[in-house]
$ cat coords_12.pdb   # PDB, C-alpha atoms
ATOM      1  CA  MET A   1      91.406  96.431  99.790  1.00  0.00           C
ATOM      2  CA  THR A   2      90.746  97.333 103.415  1.00  0.00           C
ATOM      3  CA  THR A   3      87.756  98.918 105.102  1.00  0.00           C
ATOM      4  CA  ASP A   4      90.065 101.466 106.728  1.00  0.00           C
ATOM      5  CA  MET A   5      91.218 102.604 103.306  1.00  0.00           C
ATOM      6  CA  LEU A   6      87.626 103.082 102.164  1.00  0.00           C
ATOM      7  CA  ASP A   7      86.227 104.446 105.437  1.00  0.00           C
ATOM      8  CA  ILE A   8      83.207 102.157 105.071  1.00  0.00           C
ATOM      9  CA  SER A   9      83.129 100.299 108.387  1.00  0.00           C
ATOM     10  CA  PRO A  10      79.973 100.969 110.443  1.00  0.00           C
ATOM     11  CA  LYS A  11      80.680 102.847 113.663  1.00  0.00           C
ATOM     12  CA  LEU A  12      78.318 101.185 116.120  1.00  0.00           C
ATOM     13  CA  ARG A  13      77.789 101.901 119.801  1.00  0.00           C
ATOM     14  CA  GLY A  14      78.618  99.576 122.658  1.00  0.00           C
ATOM     15  CA  ARG A  15      78.847  95.796 122.543  1.00  0.00           C
ATOM     16  CA  PRO A  16      77.719  93.597 119.615  1.00  0.00           C
ATOM     17  CA  ARG A  17      73.927  93.192 119.597  1.00  0.00           C
ATOM     18  CA  GLU A  18      71.900  89.981 119.527  1.00  0.00           C
ATOM     19  CA  PHE A  19      70.499  90.390 116.033  1.00  0.00           C
ATOM     20  CA  ASP A  20      71.724  89.884 112.488  1.00  0.00           C
ATOM     21  CA  MET A  21      73.412  93.222 111.883  1.00  0.00           C
ATOM     22  CA  ASP A  22      73.958  92.671 108.162  1.00  0.00           C
ATOM     23  CA  ALA A  23      70.345  91.645 107.553  1.00  0.00           C
ATOM     24  CA  ALA A  24      69.074  94.636 109.542  1.00  0.00           C
ATOM     25  CA  LEU A  25      71.301  97.063 107.620  1.00  0.00           C
ATOM     26  CA  ASP A  26      70.258  95.544 104.293  1.00  0.00           C
ATOM     27  CA  GLU A  27      66.643  96.385 105.158  1.00  0.00           C
ATOM     28  CA  ALA A  28      67.635  99.891 106.227  1.00  0.00           C
ATOM     29  CA  LEU A  29      69.420 100.265 102.888  1.00  0.00           C
ATOM     30  CA  ARG A  30      66.235  99.394 101.060  1.00  0.00           C
ATOM     31  CA  VAL A  31      64.286 102.054 102.948  1.00  0.00           C
ATOM     32  CA  PHE A  32      66.916 104.765 102.468  1.00  0.00           C
ATOM     33  CA  SER A  33      67.317 103.904  98.780  1.00  0.00           C
ATOM     34  CA  GLU A  34      63.586 103.986  98.096  1.00  0.00           C
ATOM     35  CA  ARG A  35      62.642 106.911 100.330  1.00  0.00           C
ATOM     36  CA  GLY A  36      65.781 109.014 100.629  1.00  0.00           C
ATOM     37  CA  TYR A  37      67.302 110.068 103.923  1.00  0.00           C
ATOM     38  CA  TYR A  38      64.880 112.801 104.936  1.00  0.00           C
ATOM     39  CA  ALA A  39      61.692 110.975 103.925  1.00  0.00           C
ATOM     40  CA  ALA A  40      62.685 107.769 105.742  1.00  0.00           C
ATOM     41  CA  SER A  41      61.216 107.766 109.234  1.00  0.00           C
ATOM     42  CA  ILE A  42      62.522 105.991 112.311  1.00  0.00           C
ATOM     43  CA  SER A  43      59.304 103.990 112.496  1.00  0.00           C
ATOM     44  CA  GLU A  44      59.750 102.780 108.897  1.00  0.00           C
ATOM     45  CA  LEU A  45      63.360 101.873 109.571  1.00  0.00           C
ATOM     46  CA  THR A  46      62.711  99.998 112.807  1.00  0.00           C
ATOM     47  CA  GLU A  47      59.842  98.061 111.221  1.00  0.00           C
ATOM     48  CA  ALA A  48      61.901  97.143 108.163  1.00  0.00           C
ATOM     49  CA  MET A  49      64.905  96.159 110.295  1.00  0.00           C
ATOM     50  CA  GLY A  50      62.738  94.082 112.639  1.00  0.00           C
ATOM     51  CA  LEU A  51      64.026  95.970 115.701  1.00  0.00           C
ATOM     52  CA  THR A  52      62.520  97.913 118.535  1.00  0.00           C
ATOM     53  CA  ALA A  53      63.200 101.617 118.901  1.00  0.00           C
ATOM     54  CA  GLY A  54      65.255 100.825 122.006  1.00  0.00           C
ATOM     55  CA  SER A  55      67.462  98.352 120.122  1.00  0.00           C
ATOM     56  CA  VAL A  56      68.029 100.871 117.342  1.00  0.00           C
ATOM     57  CA  TYR A  57      69.021 103.554 119.844  1.00  0.00           C
ATOM     58  CA  LYS A  58      71.455 101.250 121.643  1.00  0.00           C
ATOM     59  CA  ALA A  59      73.082 100.053 118.428  1.00  0.00           C
ATOM     60  CA  PHE A  60      73.089 103.190 116.272  1.00  0.00           C
ATOM     61  CA  GLY A  61      72.078 106.189 118.364  1.00  0.00           C
ATOM     62  CA  ASP A  62      69.667 107.755 115.878  1.00  0.00           C
ATOM     63  CA  LYS A  63      68.568 107.780 112.236  1.00  0.00           C
ATOM     64  CA  ARG A  64      71.834 109.321 111.129  1.00  0.00           C
ATOM     65  CA  GLY A  65      73.725 106.525 112.871  1.00  0.00           C
ATOM     66  CA  ILE A  66      71.653 103.946 111.003  1.00  0.00           C
ATOM     67  CA  PHE A  67      72.350 105.757 107.750  1.00  0.00           C
ATOM     68  CA  LEU A  68      76.121 105.873 108.257  1.00  0.00           C
ATOM     69  CA  ALA A  69      76.211 102.177 109.123  1.00  0.00           C
ATOM     70  CA  ALA A  70      74.035 101.373 106.115  1.00  0.00           C
ATOM     71  CA  PHE A  71      76.323 103.466 103.896  1.00  0.00           C
ATOM     72  CA  GLY A  72      79.296 101.392 105.046  1.00  0.00           C
ATOM     73  CA  ARG A  73      77.419  98.154 104.475  1.00  0.00           C
ATOM     74  CA  TYR A  74      76.378  99.252 100.988  1.00  0.00           C
ATOM     75  CA  ARG A  75      79.910 100.104  99.926  1.00  0.00           C
ATOM     76  CA  LEU A  76      81.363  96.892 101.316  1.00  0.00           C
ATOM     77  CA  VAL A  77      78.838  94.611  99.612  1.00  0.00           C
ATOM     78  CA  ARG A  78      79.001  96.387  96.263  1.00  0.00           C
ATOM     79  CA  LEU A  79      82.802  96.416  96.218  1.00  0.00           C
ATOM     80  CA  GLN A  80      82.980  92.717  97.072  1.00  0.00           C
ATOM     81  CA  LEU A  81      80.611  91.898  94.198  1.00  0.00           C
ATOM     82  CA  LEU A  82      82.642  94.008  91.789  1.00  0.00           C
ATOM     83  CA  ASP A  83      85.936  92.513  92.983  1.00  0.00           C
ATOM     84  CA  GLU A  84      84.623  89.032  92.153  1.00  0.00           C
ATOM     85  CA  LEU A  85      83.721  90.114  88.623  1.00  0.00           C
ATOM     86  CA  LEU A  86      87.054  91.806  88.025  1.00  0.00           C
ATOM     87  CA  ASP A  87      88.977  88.776  89.271  1.00  0.00           C
ATOM     88  CA  ARG A  88      87.334  86.658  86.569  1.00  0.00           C
ATOM     89  CA  ALA A  89      88.351  89.009  83.744  1.00  0.00           C
ATOM     90  CA  ALA A  90      91.772  88.651  82.170  1.00  0.00           C
ATOM     91  CA  SER A  91      92.911  91.872  80.496  1.00  0.00           C
ATOM     92  CA  GLY A  92      92.606  95.464  81.589  1.00  0.00           C
ATOM     93  CA  HIS A  93      90.048  96.073  78.833  1.00  0.00           C
ATOM     94  CA  ASP A  94      87.965  93.070  79.906  1.00  0.00           C
ATOM     95  CA  LYS A  95      88.061  94.199  83.532  1.00  0.00           C
ATOM     96  CA  LEU A  96      86.867  97.678  82.559  1.00  0.00           C
ATOM     97  CA  HIS A  97      84.101  96.170  80.450  1.00  0.00           C
ATOM     98  CA  ALA A  98      83.037  94.091  83.469  1.00  0.00           C
ATOM     99  CA  LEU A  99      83.037  97.224  85.634  1.00  0.00           C
ATOM    100  CA  VAL A 100      80.971  99.323  83.220  1.00  0.00           C
ATOM    101  CA  LYS A 101      78.536  96.441  82.662  1.00  0.00           C
ATOM    102  CA  PHE A 102      78.227  96.042  86.449  1.00  0.00           C
ATOM    103  CA  PHE A 103      76.989  99.628  86.736  1.00  0.00           C
ATOM    104  CA  ALA A 104      74.735  99.276  83.692  1.00  0.00           C
ATOM    105  CA  GLU A 105      73.027  96.202  85.124  1.00  0.00           C
ATOM    106  CA  ALA A 106      72.542  97.999  88.439  1.00  0.00           C
ATOM    107  CA  SER A 107      70.819 100.834  86.574  1.00  0.00           C
ATOM    108  CA  CYS A 108      67.775  99.011  85.239  1.00  0.00           C
ATOM    109  CA  GLY A 109      64.690  97.319  86.611  1.00  0.00           C
ATOM    110  CA  GLU A 110      63.859  97.320  90.309  1.00  0.00           C
ATOM    111  CA  ILE A 111      67.474  97.734  91.418  1.00  0.00           C
ATOM    112  CA  GLY A 112      67.878 100.671  89.069  1.00  0.00           C
ATOM    113  CA  ARG A 113      64.791 102.400  90.426  1.00  0.00           C
ATOM    114  CA  ARG A 114      66.138 102.122  93.967  1.00  0.00           C
ATOM    115  CA  GLY A 115      69.261 103.946  92.915  1.00  0.00           C
ATOM    116  CA  CYS A 116      72.726 104.165  94.435  1.00  0.00           C
ATOM    117  CA  LEU A 117      73.093 105.177  98.073  1.00  0.00           C
ATOM    118  CA  VAL A 118      76.407 106.914  97.386  1.00  0.00           C
ATOM    119  CA  VAL A 119      75.080 108.936  94.450  1.00  0.00           C
ATOM    120  CA  GLY A 120      71.904 109.707  96.376  1.00  0.00           C
ATOM    121  CA  SER A 121      73.954 110.891  99.345  1.00  0.00           C
ATOM    122  CA  ALA A 122      76.006 113.155  97.082  1.00  0.00           C
ATOM    123  CA  THR A 123      72.875 114.963  95.923  1.00  0.00           C
ATOM    124  CA  GLU A 124      70.778 114.864  99.105  1.00  0.00           C
ATOM    125  CA  LEU A 125      73.199 115.158 102.022  1.00  0.00           C
ATOM    126  CA  ALA A 126      76.751 116.062 101.016  1.00  0.00           C
ATOM    127  CA  LEU A 127      76.130 119.821 100.935  1.00  0.00           C
ATOM    128  CA  PHE A 128      74.834 119.874 104.509  1.00  0.00           C
ATOM    129  CA  ASP A 129      76.700 117.027 106.247  1.00  0.00           C
ATOM    130  CA  GLU A 130      80.488 117.213 106.313  1.00  0.00           C
ATOM    131  CA  GLU A 131      80.966 113.588 107.371  1.00  0.00           C
ATOM    132  CA  VAL A 132      78.708 112.247 104.630  1.00  0.00           C
ATOM    133  CA  ALA A 133      80.440 114.527 102.106  1.00  0.00           C
ATOM    134  CA  GLY A 134      83.752 113.054 103.193  1.00  0.00           C
ATOM    135  CA  ARG A 135      82.523 109.496 102.766  1.00  0.00           C
ATOM    136  CA  VAL A 136      81.081 110.264  99.352  1.00  0.00           C
ATOM    137  CA  GLY A 137      84.374 111.865  98.339  1.00  0.00           C
ATOM    138  CA  VAL A 138      86.339 108.818  99.494  1.00  0.00           C
ATOM    139  CA  ALA A 139      83.990 106.537  97.555  1.00  0.00           C
ATOM    140  CA  PHE A 140      84.229 108.558  94.342  1.00  0.00           C
ATOM    141  CA  ASP A 141      88.004 108.914  94.634  1.00  0.00           C
ATOM    142  CA  PHE A 142      88.381 105.165  95.162  1.00  0.00           C
ATOM    143  CA  ASP A 143      86.175 104.344  92.177  1.00  0.00           C
ATOM    144  CA  GLU A 144      88.035 106.767  89.911  1.00  0.00           C
ATOM    145  CA  ARG A 145      91.392 105.395  91.015  1.00  0.00           C
ATOM    146  CA  ARG A 146      90.231 101.852  90.294  1.00  0.00           C
ATOM    147  CA  ILE A 147      89.145 102.845  86.772  1.00  0.00           C
ATOM    148  CA  LEU A 148      92.453 104.654  86.211  1.00  0.00           C
ATOM    149  CA  ASP A 149      94.418 101.609  87.387  1.00  0.00           C
ATOM    150  CA  LEU A 150      92.461  99.343  85.034  1.00  0.00           C
ATOM    151  CA  ILE A 151      93.085 101.661  82.082  1.00  0.00           C
ATOM    152  CA  ARG A 152      96.798 101.637  82.841  1.00  0.00           C
ATOM    153  CA  LEU A 153      96.708  97.854  83.224  1.00  0.00           C
ATOM    154  CA  GLY A 154      95.097  97.611  79.801  1.00  0.00           C
ATOM    155  CA  GLN A 155      97.725  99.895  78.299  1.00  0.00           C
ATOM    156  CA  ALA A 156     100.439  97.750  79.848  1.00  0.00           C
ATOM    157  CA  ASP A 157      98.976  94.459  78.579  1.00  0.00           C
ATOM    158  CA  GLY A 158      98.142  95.848  75.131  1.00  0.00           C
ATOM    159  CA  SER A 159      94.348  95.608  75.384  1.00  0.00           C
ATOM    160  CA  ILE A 160      93.884  99.414  75.553  1.00  0.00           C
ATOM    161  CA  PRO A 161      95.669 101.773  73.142  1.00  0.00           C
ATOM    162  CA  LYS A 162      98.561 103.799  74.492  1.00  0.00           C
ATOM    163  CA  HIS A 163      97.163 107.032  73.028  1.00  0.00           C
ATOM    164  CA  ILE A 164      94.206 107.019  75.439  1.00  0.00           C
ATOM    165  CA  ASP A 165      94.519 109.780  78.053  1.00  0.00           C
ATOM    166  CA  ALA A 166      94.173 107.613  81.157  1.00  0.00           C
ATOM    167  CA  GLU A 167      93.333 110.366  83.657  1.00  0.00           C
ATOM    168  CA  SER A 168      90.647 112.161  81.664  1.00  0.00           C
ATOM    169  CA  THR A 169      89.116 108.893  80.475  1.00  0.00           C
ATOM    170  CA  ALA A 170      88.960 107.589  84.040  1.00  0.00           C
ATOM    171  CA  CYS A 171      87.129 110.726  85.155  1.00  0.00           C
ATOM    172  CA  THR A 172      84.763 110.463  82.178  1.00  0.00           C
ATOM    173  CA  LEU A 173      83.936 106.836  82.955  1.00  0.00           C
ATOM    174  CA  LEU A 174      83.378 107.745  86.597  1.00  0.00           C
ATOM    175  CA  CYS A 175      80.861 110.388  85.516  1.00  0.00           C
ATOM    176  CA  LEU A 176      79.175 107.972  83.122  1.00  0.00           C
ATOM    177  CA  THR A 177      78.853 105.135  85.624  1.00  0.00           C
ATOM    178  CA  LYS A 178      77.486 107.405  88.359  1.00  0.00           C
ATOM    179  CA  GLY A 179      75.174 109.029  85.833  1.00  0.00           C
ATOM    180  CA  MET A 180      73.850 105.586  84.905  1.00  0.00           C
ATOM    181  CA  ARG A 181      72.643 105.161  88.477  1.00  0.00           C
ATOM    182  CA  VAL A 182      70.733 108.451  88.296  1.00  0.00           C
ATOM    183  CA  ILE A 183      69.118 107.635  84.940  1.00  0.00           C
ATOM    184  CA  GLY A 184      68.345 104.138  86.204  1.00  0.00           C
ATOM    185  CA  LYS A 185      65.876 105.591  88.706  1.00  0.00           C
ATOM    186  CA  THR A 186      63.588 106.443  85.780  1.00  0.00           C
ATOM    187  CA  GLY A 187      63.017 102.763  84.945  1.00  0.00           C
ATOM    188  CA  ARG A 188      65.342 102.170  82.000  1.00  0.00           C
ATOM    189  CA  GLY A 189      65.450  98.739  80.382  1.00  0.00           C
ATOM    190  CA  HIS A 190      68.243  96.171  80.585  1.00  0.00           C
ATOM    191  CA  GLU A 191      69.114  96.199  76.890  1.00  0.00           C
ATOM    192  CA  GLN A 192      69.125  99.989  76.804  1.00  0.00           C
ATOM    193  CA  MET A 193      71.605 100.240  79.674  1.00  0.00           C
ATOM    194  CA  LEU A 194      73.840  97.550  78.175  1.00  0.00           C
ATOM    195  CA  ALA A 195      73.904  99.632  74.985  1.00  0.00           C
ATOM    196  CA  VAL A 196      75.036 102.606  77.074  1.00  0.00           C
ATOM    197  CA  ALA A 197      77.817 100.448  78.522  1.00  0.00           C
ATOM    198  CA  ALA A 198      78.900  99.419  75.016  1.00  0.00           C
ATOM    199  CA  ALA A 199      78.973 103.074  73.937  1.00  0.00           C
ATOM    200  CA  ALA A 200      81.041 103.989  76.994  1.00  0.00           C
ATOM    201  CA  MET A 201      83.624 101.345  76.088  1.00  0.00           C
ATOM    202  CA  LYS A 202      84.207 103.080  72.744  1.00  0.00           C
ATOM    203  CA  LEU A 203      86.145 105.676  74.722  1.00  0.00           C
ATOM    204  CA  LEU A 204      88.863 103.048  74.953  1.00  0.00           C
ATOM    205  CA  ASP A 205      89.172 102.414  71.195  1.00  0.00           C
TER     206      ASP A 205
END
$ encode --input "coords_12.pdb" --output "structure tokens"
Amino acid sequence: MTTDMLDISPKLRGRPREFDMDAALDEALRVFSERGYYAASISELTEAMGLTAGSVYKAFGDKRGIFLAAFGRYRLVRLQLLDELLDRAASGHDKLHALVKFFAEASCGEIGRRGCLVVGSATELALFDEEVAGRVGVAFDFDERRILDLIRLGQADGSIPKHIDAESTACTLLCLTKGMRVIGKTGRGHEQMLAVAAAAMKLLD
């Protein structure tokens, strides 16, 4: 997996800055996730990031620049966490279960209420911002391809039945996992979302 392939690397201005970029972007992520893009103000972002307005301008240009960098940071961190889980699972079926459970556990409690920056961007920005729409499309395509590859891995190792239509099931699981992140914003419980994950896995029976 490369950042070029995912188009998730932050595009920052000028030389590296003398602050913890990752920590600053993590705080920006929190603001964007809780408030949405349009409701998040520059003053809220600079305060949360612990930066002056001048530092933000030099590093990112404007609020949109912060958002694009935060989007890249979000994708990178989430994919690294998921990669670690998948590496620990043996069969294709077990890897898919780990993936679906990963989304279920991100869709409950405080994390669930914050929501997913990619899903939020799809609904709030993609219609009006071509670059954001492109990044959302790349993210969704990558996630669907990963699910499809895991289904095919499971069919090859015998853990998923051969009769399963890999392409349509991959698209269905993509819709379900992204939908979990939307429903999670309503404050669903942990056990409830794990039950949803278990129901989703029945598609592979």
$ closest_atom_pairs --input "coords_12.pdb" --of "segment 117-150 of chain A" --to "segment 173-190 of chain A" --cutoff "9 Å" --atoms "only C-alpha atoms" --output "JSON lines"
{"residue": "A:Val119", "atom": "CA", "partner": "A:Lys178", "partner_atom": "CA", "distance": 6.7}
{"residue": "A:Gly120", "atom": "CA", "partner": "A:Val182", "partner_atom": "CA", "distance": 8.3}
{"residue": "A:Phe140", "atom": "CA", "partner": "A:Leu174", "partner_atom": "CA", "distance": 7.8}
{"residue": "A:Asp143", "atom": "CA", "partner": "A:Leu174", "partner_atom": "CA", "distance": 7.1}
{"residue": "A:Glu144", "atom": "CA", "partner": "A:Leu174", "partner_atom": "CA", "distance": 5.8}
{"residue": "A:Ile147", "atom": "CA", "partner": "A:Leu174", "partner_atom": "CA", "distance": 7.6}
$ resolve_selection --input "coords_12.pdb" --expression "the PyMOL selection byres ((chain A and resi 98) around 10)" --output "MDAnalysis selection string"
chainID A and resid 82 85:89 92:97 99:104 197
$ residues_near_point --input "coords_12.pdb" --point "(90.8, 101.1, 83.7)" --cutoff "7 Å" --atoms "all atoms listed in the file" --output "list in words"
Gly92, Leu96, Arg146, Ile147, Leu148, Asp149, Leu150, Ile151, Arg152, Leu153, Gly154 and Ala170 of chain A
$ atom_distance --input "coords_12.pdb" --atom1 "atom CA of Arg113 of chain A" --atom2 "atom CA of Arg35 of chain A"
11.1 Å
$ residues_around --input "coords_12.pdb" --residues "Ala122 of chain A" --least-positions-apart "2" --cutoff "10 Å" --atoms "all atoms listed in the file" --output "PyMOL selection string"
chain A and resi 116-120+124-127+129+132-137+140
$ write_last_selection --input "coords_12.pdb" --atoms "C-alpha atoms" --output "compact mmCIF listing (two decimals), in the frame of the given file"
# COMPACT_ATOMS: atom_id res chain seq x y z
CA CYS A 116 72.73 104.16 94.44
CA LEU A 117 73.09 105.18 98.07
CA VAL A 118 76.41 106.91 97.39
CA VAL A 119 75.08 108.94 94.45
CA GLY A 120 71.90 109.71 96.38
CA GLU A 124 70.78 114.86 99.10
CA LEU A 125 73.20 115.16 102.02
CA ALA A 126 76.75 116.06 101.02
CA LEU A 127 76.13 119.82 100.94
CA ASP A 129 76.70 117.03 106.25
CA VAL A 132 78.71 112.25 104.63
CA ALA A 133 80.44 114.53 102.11
CA GLY A 134 83.75 113.05 103.19
CA ARG A 135 82.52 109.50 102.77
CA VAL A 136 81.08 110.26 99.35
CA GLY A 137 84.37 111.86 98.34
CA PHE A 140 84.23 108.56 94.34
$ closest_residue --input "coords_12.pdb" --among "A:Leu79, A:Val31, A:Leu194, A:Ile42" --to "Gly61 of chain A" --atoms "only C-alpha atoms"
A:Ile42
$ atom_distance --input "coords_12.pdb" --atom1 "atom CA of Ile160 of chain A" --atom2 "atom CA of Glu84 of chain A"
21.7 Å
$ atom_distance --input "coords_12.pdb" --atom1 "atom CA of Ala48 of chain A" --atom2 "atom CA of Val77 of chain A"
19.1 Å
$ axis_aligned_box --input "coords_12.pdb" --around "segment 123-139 of chain A" --padding-each-side "6 Å" --output "JSON"
{"center_x": 78.6, "center_y": 113.2, "center_z": 101.6, "size_x": 27.6, "size_y": 25.3, "size_z": 23.4}
$ resolve_selection --input "coords_12.pdb" --expression "the PyMOL selection byres ((chain A and resi 114) around 6)" --output "PyMOL selection string"
chain A and resi 33-34+111-113+115
